[in-house]
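Here's query.cif, which has mmCIF, C-alpha atoms:
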data_my_file
#
loop_
_atom_site.label_atom_id
_atom_site.label_comp_id
_atom_site.auth_asym_id
_atom_site.auth_seq_id
_atom_site.Cartn_x
_atom_site.Cartn_y
_atom_site.Cartn_z
CA MET A 1 173.53 131.84 36.95
CA SER A 2 175.61 134.24 34.92
CA GLY A 3 177.63 134.46 31.74
CA GLU A 4 176.90 133.08 28.31
CA GLU A 5 176.31 129.54 29.58
CA GLY A 6 172.81 130.55 30.63
CA PHE A 7 171.84 131.17 26.98
CA ASP A 8 173.37 128.16 25.21
CA THR A 9 170.16 126.18 24.61
CA THR A 10 166.43 126.44 25.13
CA VAL A 11 164.43 124.66 27.81
CA PRO A 12 162.36 121.68 26.58
CA ARG A 13 159.59 123.07 24.39
CA ARG A 14 156.91 120.96 26.10
CA LEU A 15 157.50 122.85 29.38
CA VAL A 16 156.39 126.13 27.78
CA HIS A 17 153.70 124.67 25.49
CA ARG A 18 155.40 125.33 22.19
CA GLU A 19 155.79 123.08 19.16
CA SER A 20 158.43 125.13 17.38
CA VAL A 21 161.80 125.43 19.09
CA ALA A 22 162.08 128.88 17.51
CA GLU A 23 159.18 130.03 19.71
CA VAL A 24 160.87 128.98 22.97
CA LEU A 25 162.36 132.03 24.70
CA LEU A 26 163.55 130.56 28.00
CA THR A 27 167.06 129.14 27.84
CA LYS A 28 167.91 127.95 31.35
CA TRP A 29 166.41 127.78 34.80
CA THR A 30 167.33 126.78 38.32
CA ARG A 31 165.30 126.51 41.50
CA ARG A 32 166.86 128.25 44.45
CA ARG A 33 166.80 127.12 48.08
CA THR A 34 164.29 129.88 48.81
CA GLY A 35 161.83 128.17 46.45
CA ASP A 36 161.90 130.87 43.80
CA PHE A 37 163.35 130.43 40.30
CA TRP A 38 166.15 132.12 38.40
CA MET A 39 165.70 131.96 34.63
CA CYS A 40 167.44 133.16 31.50
CA ALA A 41 165.71 134.14 28.27
CA GLN A 42 166.90 135.21 24.85
CA LEU A 43 164.69 137.63 22.92
CA PRO A 44 165.37 137.47 19.17
CA ARG A 45 166.29 140.53 17.14
CA ALA A 46 163.94 139.28 14.41
CA HIS A 47 160.77 137.25 14.96
CA ALA A 48 158.04 135.99 12.66
CA PHE A 49 155.53 138.31 14.36
CA TYR A 50 157.07 140.30 17.23
CA GLN A 51 159.30 142.83 15.47
CA PRO A 52 161.54 145.52 17.02
CA GLU A 53 160.06 148.98 17.45
CA GLN A 54 162.13 152.16 17.51
CA GLY A 55 165.28 150.07 17.92
CA ARG A 56 163.93 148.13 20.90
CA VAL A 57 162.55 144.65 21.39
CA ASP A 58 158.80 144.28 20.97
CA PRO A 59 157.45 144.49 24.53
CA LEU A 60 155.00 141.66 23.86
CA LEU A 61 158.05 139.38 23.74
CA VAL A 62 158.53 140.29 27.40
CA LEU A 63 154.91 139.35 28.06
CA GLU A 64 155.38 136.04 26.23
CA THR A 65 158.52 135.36 28.29
CA ILE A 66 156.51 135.85 31.49
CA ARG A 67 153.83 133.50 30.15
CA GLN A 68 156.44 130.83 29.47
CA ALA A 69 157.96 131.35 32.92
CA GLY A 70 154.59 130.70 34.57
CA LEU A 71 154.12 127.47 32.64
CA LEU A 72 157.61 126.23 33.46
CA VAL A 73 157.10 126.93 37.17
CA ALA A 74 153.75 125.12 37.11
CA HIS A 75 155.29 121.99 35.61
CA THR A 76 158.67 121.88 37.34
CA GLY A 77 157.87 123.59 40.62
CA TRP A 78 154.40 122.23 41.30
CA ASP A 79 154.40 119.01 39.25
CA ILE A 80 151.30 119.91 37.26
CA PRO A 81 151.15 117.23 34.52
CA LEU A 82 151.97 118.10 30.94
CA ASP A 83 148.57 116.90 29.69
CA HIS A 84 146.69 119.55 31.69
CA ARG A 85 145.11 122.44 29.80
CA PHE A 86 146.14 125.90 30.93
CA VAL A 87 144.11 129.09 30.95
CA MET A 88 145.89 132.42 31.38
CA ARG A 89 143.73 134.65 33.55
CA GLY A 90 145.86 137.77 33.74
CA MET A 91 149.28 139.16 32.84
CA SER A 92 151.19 142.37 33.36
CA PHE A 93 154.55 143.98 32.71
CA ALA A 94 156.21 147.35 33.27
CA VAL A 95 159.65 148.13 31.86
CA ASP A 96 162.17 150.86 31.39
CA SER A 97 162.10 150.49 27.63
CA SER A 98 165.57 151.96 27.15
CA ALA A 99 166.94 148.70 28.61
CA LEU A 100 165.49 146.72 25.68
CA ARG A 101 167.48 148.38 22.93
CA VAL A 102 168.60 145.97 20.25
CA ARG A 103 172.36 145.81 19.78
CA ASP A 104 174.48 143.49 17.64
CA ARG A 105 173.14 140.29 19.23
CA PRO A 106 169.85 138.97 20.65
CA VAL A 107 168.62 140.62 23.85
CA GLU A 108 169.50 138.37 26.78
CA ILE A 109 167.60 138.89 30.03
CA GLN A 110 167.23 137.20 33.40
CA LEU A 111 164.08 136.63 35.42
CA LEU A 112 163.62 136.13 39.15
CA VAL A 113 160.31 134.30 39.45
CA ARG A 114 158.33 133.83 42.67
CA THR A 115 155.15 131.80 43.07
CA ARG A 116 152.15 133.41 44.70
CA ASP A 117 148.83 131.95 45.93
CA PRO A 118 149.34 128.35 44.72
CA ARG A 119 146.27 126.13 44.97
CA VAL A 120 147.44 122.88 43.45
CA ARG A 121 145.27 119.75 43.85
CA PRO A 122 146.22 116.60 41.92
CA GLY A 123 143.37 115.50 39.69
CA HIS A 124 141.50 118.78 40.13
CA ALA A 125 141.67 122.28 38.76
CA SER A 126 144.68 124.20 40.06
CA THR A 127 145.62 127.87 40.12
CA LEU A 128 148.78 129.79 40.79
CA ALA A 129 150.38 133.13 40.06
CA VAL A 130 153.93 134.31 39.47
CA GLU A 131 155.65 137.59 40.18
CA VAL A 132 158.68 138.35 38.04
CA GLU A 133 161.63 140.74 38.31
CA LEU A 134 163.43 141.46 35.02
CA TYR A 135 167.16 142.05 34.63
CA ARG A 136 169.56 142.81 31.78
CA ASP A 137 173.31 142.75 32.35
CA GLY A 138 172.63 142.55 36.08
CA ASP A 139 170.48 145.68 36.19
CA ARG A 140 166.79 145.48 37.05
CA PHE A 141 164.72 147.10 34.33
CA GLY A 142 161.17 145.96 35.02
CA GLN A 143 158.71 143.57 36.55
CA GLY A 144 155.69 141.53 35.58
CA SER A 145 153.16 138.99 36.76
CA GLY A 146 150.91 136.23 35.52
CA SER A 147 148.06 134.18 36.91
CA LEU A 148 146.88 130.91 35.41
CA GLY A 149 144.59 127.94 35.89
CA ALA A 150 145.42 124.33 35.04
CA LEU A 151 142.66 121.86 34.22
CA PRO A 152 142.93 118.05 33.98
CA PRO A 153 141.82 116.71 30.58
CA ALA A 154 138.50 115.38 31.91
CA VAL A 155 137.66 118.71 33.57
CA TYR A 156 138.56 120.64 30.43
CA ALA A 157 136.43 118.30 28.31
CA ARG A 158 133.42 119.03 30.52
CA LEU A 159 134.10 122.75 30.29
CA ARG A 160 134.57 122.72 26.52
CA PRO A 161 132.96 119.61 25.00
CA PRO A 162 133.69 118.88 21.33
CA ARG A 163 131.31 120.67 19.00
CA VAL A 164 130.88 121.41 15.33
CA PRO A 165 131.95 125.04 14.87
CA ARG A 166 129.68 127.43 13.07
CA GLN A 167 131.05 128.77 9.83
CA LEU A 168 131.85 132.44 9.45
CA ALA A 169 131.07 134.26 6.26
CA GLU A 170 133.07 132.92 3.33
CA GLU A 171 134.42 136.35 2.42
CA ARG A 172 137.47 137.20 4.48
CA PRO A 173 137.04 140.61 6.17
CA HIS A 174 139.30 143.36 4.91
CA PRO A 175 142.15 144.10 7.31
CA VAL A 176 143.07 147.65 8.15
CA ALA A 177 146.16 149.05 6.44
CA PRO A 178 149.25 147.43 8.01
CA GLY A 179 150.91 150.78 8.66
CA LEU A 180 147.98 151.88 10.81
CA VAL A 181 148.82 149.21 13.39
CA GLY A 182 152.59 149.29 12.99
CA ARG A 183 152.91 146.24 10.76
CA GLN A 184 154.53 145.66 7.39
CA ASP A 185 152.94 142.34 6.40
CA VAL A 186 149.17 142.32 5.98
CA ARG A 187 149.11 138.79 7.37
CA ASP A 188 150.20 140.17 10.75
CA VAL A 189 147.21 142.53 10.96
CA LEU A 190 144.66 141.45 13.59
CA LEU A 191 142.02 144.16 13.04
CA THR A 192 139.36 144.70 10.39
CA SER A 193 137.62 147.93 9.56
CA VAL A 194 134.16 148.52 11.01
CA ASN A 195 132.02 151.59 10.87
CA LYS A 196 132.47 152.54 14.52
CA SER A 197 134.80 154.96 16.28
CA ASN A 198 137.83 153.29 17.91
CA ARG A 199 136.32 149.84 17.34
CA TRP A 200 137.47 147.10 14.98
CA GLY A 201 136.66 143.51 14.18
CA LEU A 202 139.08 140.84 15.41
CA LEU A 203 140.81 139.19 12.46
CA VAL A 204 142.00 135.65 13.23
CA ASP A 205 144.19 133.56 10.93
CA ALA A 206 144.58 130.15 12.58
CA THR A 207 147.24 129.22 10.01
CA HIS A 208 149.64 131.94 11.16
CA PRO A 209 152.73 129.93 12.21
CA ALA A 210 153.84 132.24 15.00
CA LEU A 211 150.48 133.20 16.50
CA PHE A 212 149.12 129.65 16.26
CA ASP A 213 152.19 127.56 17.06
CA HIS A 214 149.94 124.51 17.56
CA PRO A 215 146.21 123.73 17.13
CA VAL A 216 143.93 125.18 19.80
CA ASP A 217 140.16 125.38 20.24
CA HIS A 218 140.07 129.13 20.99
CA VAL A 219 141.93 132.34 20.23
CA PRO A 220 145.16 132.23 22.28
CA GLY A 221 145.54 134.84 24.99
CA MET A 222 148.66 136.30 23.41
CA VAL A 223 146.74 136.85 20.16
CA VAL A 224 143.99 138.62 22.10
CA PHE A 225 146.57 140.85 23.78
CA ALA A 226 148.30 141.57 20.47
CA ALA A 227 144.99 142.62 18.92
CA MET A 228 144.31 145.07 21.76
CA ARG A 229 147.83 146.41 21.36
CA GLN A 230 147.20 147.01 17.64
CA ALA A 231 144.06 148.93 18.53
CA VAL A 232 146.12 151.21 20.76
CA ARG A 233 148.60 151.75 17.93
CA ALA A 234 145.74 152.67 15.59
CA VAL A 235 144.66 155.39 18.02
CA VAL A 236 147.95 156.78 19.33
CA GLY A 237 150.29 156.20 16.39
CA PRO A 238 153.97 155.37 16.91
CA GLY A 239 155.00 154.83 20.52
CA TYR A 240 156.53 152.20 22.75
CA LEU A 241 154.39 150.19 25.18
CA ALA A 242 156.05 150.64 28.56
CA SER A 243 153.47 148.74 30.61
CA CYS A 244 150.37 146.60 30.35
CA GLN A 245 147.86 145.11 32.77
CA ALA A 246 145.63 142.56 31.01
CA ARG A 247 142.85 140.27 32.18
CA THR A 248 140.83 137.57 30.45
CA SER A 249 137.39 136.53 31.68
CA LYS A 250 136.19 134.09 29.00
CA PHE A 251 137.40 132.20 25.96
CA VAL A 252 137.37 134.04 22.64
CA GLU A 253 135.96 131.55 20.14
CA LEU A 254 137.56 131.06 16.75
CA ASP A 255 134.35 130.70 14.80
CA ARG A 256 132.36 133.76 15.93
CA PRO A 257 132.89 137.47 15.33
CA ALA A 258 134.55 139.52 18.05
CA GLU A 259 135.29 143.22 18.38
CA VAL A 260 138.32 145.06 19.72
CA SER A 261 137.91 148.57 21.08
CA VAL A 262 139.78 151.40 22.76
CA LEU A 263 137.38 152.46 25.49
CA ARG A 264 139.06 155.60 26.76
CA THR A 265 142.40 157.36 27.06
CA ALA A 266 143.95 159.56 29.73
CA GLY A 267 147.48 160.71 30.46
CA GLY A 268 149.21 158.18 28.25
CA LEU A 269 147.00 155.30 29.43
CA TYR A 270 144.73 153.40 27.04
CA TRP A 271 141.89 151.13 28.17
CA THR A 272 141.03 148.37 25.69
CA ALA A 273 138.59 145.48 25.50
CA VAL A 274 137.65 142.46 23.40
CA GLU A 275 133.95 141.56 23.24
CA GLN A 276 132.17 138.56 21.76
CA ASP A 277 128.49 137.55 21.81
CA GLY A 278 127.68 140.72 23.73
CA ALA A 279 130.04 139.91 26.61
CA ARG A 280 133.45 141.25 27.49
CA ALA A 281 136.14 138.57 27.16
CA ALA A 282 139.35 140.51 27.88
CA THR A 283 140.49 143.94 29.01
CA ALA A 284 143.85 145.67 29.25
CA VAL A 285 145.33 149.00 30.30
CA TRP A 286 148.42 150.10 28.36
CA ARG A 287 150.92 152.87 29.03
CA VAL A 288 152.56 154.28 25.93
CA ASP A 289 155.90 156.07 25.82
CA THR A 290 155.87 158.46 22.87
CA GLY A 291 159.00 160.35 23.86
CA SER A 292 162.67 159.49 23.80
CA GLY A 293 162.15 155.85 24.74
CA HIS A 294 163.15 156.20 28.39
CA SER A 295 160.10 155.63 30.57
CA GLY A 296 161.73 156.50 33.86
CA PRO A 297 162.75 154.40 36.84
CA VAL A 298 160.90 151.17 37.53
CA SER A 299 159.30 150.98 40.97
#
Could you render the structure as structure tokens?
Amino acid sequence: MSGEEGFDTTVPRRLVHRESVAEVLLTKWTRRRTGDFWMCAQLPRAHAFYQPEQGRVDPLLVLETIRQAGLLVAHTGWDIPLDHRFVMRGMSFAVDSSALRVRDRPVEIQLLVRTRDPRVRPGHASTLAVEVELYRDGDRFGQGSGSLGALPPAVYARLRPPRVPRQLAEERPHPVAPGLVGRQDVRDVLLTSVNKSNRWGLLVDATHPALFDHPVDHVPGMVVFAAMRQAVRAVVGPGYLASCQARTSKFVELDRPAEVSVLRTAGGLYWTAVEQDGARAATAVWRVDTGSGHSGPVS
């Protein structure tokens, strides 16, 4: 698959669990005889939340592309029904950020996607993982991975039965200054000030049209990752995220306070966590490029 024909139209939105067509990044896919997938994706120059940084595409758009690739493979490669509920258990990416420079048109990339450790059982919970190679203009500039679980509706209902959510305090917490976390619009800020070093409250706005593309009963994984990324920005200042390894271990509930923290830093690496009800719900390790924007060769 090559040329502009791979970017003419998006894949069906239901295959990547999006309501808005504008939030669909994958544009075409084909399954090869080897069983792996070749996909195209178009990363917008302007997005309602993921904005360019230092003249390069927001790296979380790469992470979202990998998330969408995993969902598409689950549905089209392993026939997991569309009514199943998916839980992202872990994601990663590492890129040469100089390859993501924004030019005079959207950034068009290709993905080679391989399935790893599939455990797919019709009518039962299933798991699988994907490994992804990233290309732009035929040159490999990075890689990533994702692991997910898929639950039939009845299984998900037992795991998360309907309940009346507790109400948070009526006063909306004060967000940190947008510039502290690299934002311009206060509505895009995901952290609130707390009186602790390198620790913030998680600020969730379930009406945000990009972060909450459709109704959900928990804080989406991409929102959790974005909050941890803002915490890193608050500590390190301007810089480009060249890699991330993130894991989730439990749902982050919408109706209870949660905290985001930078646990430690060393050699350009930043360890972050999200905690709720005294338990750790997600962790991530980020590598930040604060230099010229070229993070070296990708292994």
Tell me which of A:Pro215, A:Trp78, A:Arg187, A:Gly268 sits closest to Thr127 of chain A, counting only C-alpha atoms. A:Trp78
Ala279 of chain A surroundings by all atoms listed in the file, 10 Å radius, close-in-sequence under 2 positions cut, as a list in words: Ser249, Lys250, Ala258, Val274, Glu275, Gln276, Asp277, Ala281 and Ala282 of chain A
Could you save those same residues with C-alpha atoms as an mmCIF file, keeping the file's coordinate frame?
data_model
loop_
_atom_site.group_PDB
_atom_site.id
_atom_site.type_symbol
_atom_site.label_atom_id
_atom_site.label_comp_id
_atom_site.auth_asym_id
_atom_site.auth_seq_id
_atom_site.Cartn_x
_atom_site.Cartn_y
_atom_site.Cartn_z
ATOM 1 C CA SER A 249 137.390 136.530 31.680
ATOM 2 C CA LYS A 250 136.190 134.090 29.000
ATOM 3 C CA ALA A 258 134.550 139.520 18.050
ATOM 4 C CA VAL A 274 137.650 142.460 23.400
ATOM 5 C CA GLU A 275 133.950 141.560 23.240
ATOM 6 C CA GLN A 276 132.170 138.560 21.760
ATOM 7 C CA ASP A 277 128.490 137.550 21.810
ATOM 8 C CA ALA A 281 136.140 138.570 27.160
ATOM 9 C CA ALA A 282 139.350 140.510 27.880
#
Taking (158.7, 142.7, 42.4) in the file's own coordinates, collect the residues within 8 Å, counting only C-alpha atoms, and hand them back as a ChimeraX atom specification. /A:131-133,143-144
Given the PyMOL selection byres ((chain A and resi 7) around 12) and the file above, list the residues it selects as a list in words. Met1, Ser2, Gly3, Glu4, Glu5, Gly6, Asp8, Thr9, Thr10, Val11, Val24, Leu25, Leu26, Thr27, Lys28, Trp29, Met39, Cys40, Ala41, Gln42, Leu43, Pro44, Pro106, Val107, Glu108, Ile109 and Gln110 of chain A
Near Arg119 of chain A, within 10 Å and counting all atoms listed in the file, which residues show up once chain neighbours fewer than 6 positions away are dropped, as a ChimeraX atom specification? /A:78,125-129,149
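What separates atom CA of Arg247 of chain A from atom CA of Pro173 of chain A is a distance of 26.7 Å.
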The PyMOL selection byres ((chain A and resi 64-70) around 8) applied to the shown file, residues as a CSV table (one decimal) with C-alpha atoms, keeping the file's coordinate frame:
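result.csv, written as the output of this step:
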chain,number,residue,atom,x,y,z
A,16,VAL,CA,156.4,126.1,27.8
A,17,HIS,CA,153.7,124.7,25.5
A,25,LEU,CA,162.4,132.0,24.7
A,26,LEU,CA,163.6,130.6,28.0
A,39,MET,CA,165.7,132.0,34.6
A,41,ALA,CA,165.7,134.1,28.3
A,60,LEU,CA,155.0,141.7,23.9
A,61,LEU,CA,158.0,139.4,23.7
A,62,VAL,CA,158.5,140.3,27.4
A,63,LEU,CA,154.9,139.4,28.1
A,71,LEU,CA,154.1,127.5,32.6
A,72,LEU,CA,157.6,126.2,33.5
A,73,VAL,CA,157.1,126.9,37.2
A,74,ALA,CA,153.8,125.1,37.1
A,91,MET,CA,149.3,139.2,32.8
A,113,VAL,CA,160.3,134.3,39.4
A,129,ALA,CA,150.4,133.1,40.1
A,130,VAL,CA,153.9,134.3,39.5
A,132,VAL,CA,158.7,138.4,38.0
A,144,GLY,CA,155.7,141.5,35.6
A,145,SER,CA,153.2,139.0,36.8
A,146,GLY,CA,150.9,136.2,35.5
A,147,SER,CA,148.1,134.2,36.9
A,148,LEU,CA,146.9,130.9,35.4
A,222,MET,CA,148.7,136.3,23.4
How many Å separate atom CA of Gln184 of chain A from atom CA of Pro59 of chain A? 17.4 Å
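Take atom CA of Gly237 of chain A and atom CA of Val260 of chain A: the distance between them is 16.7 Å.
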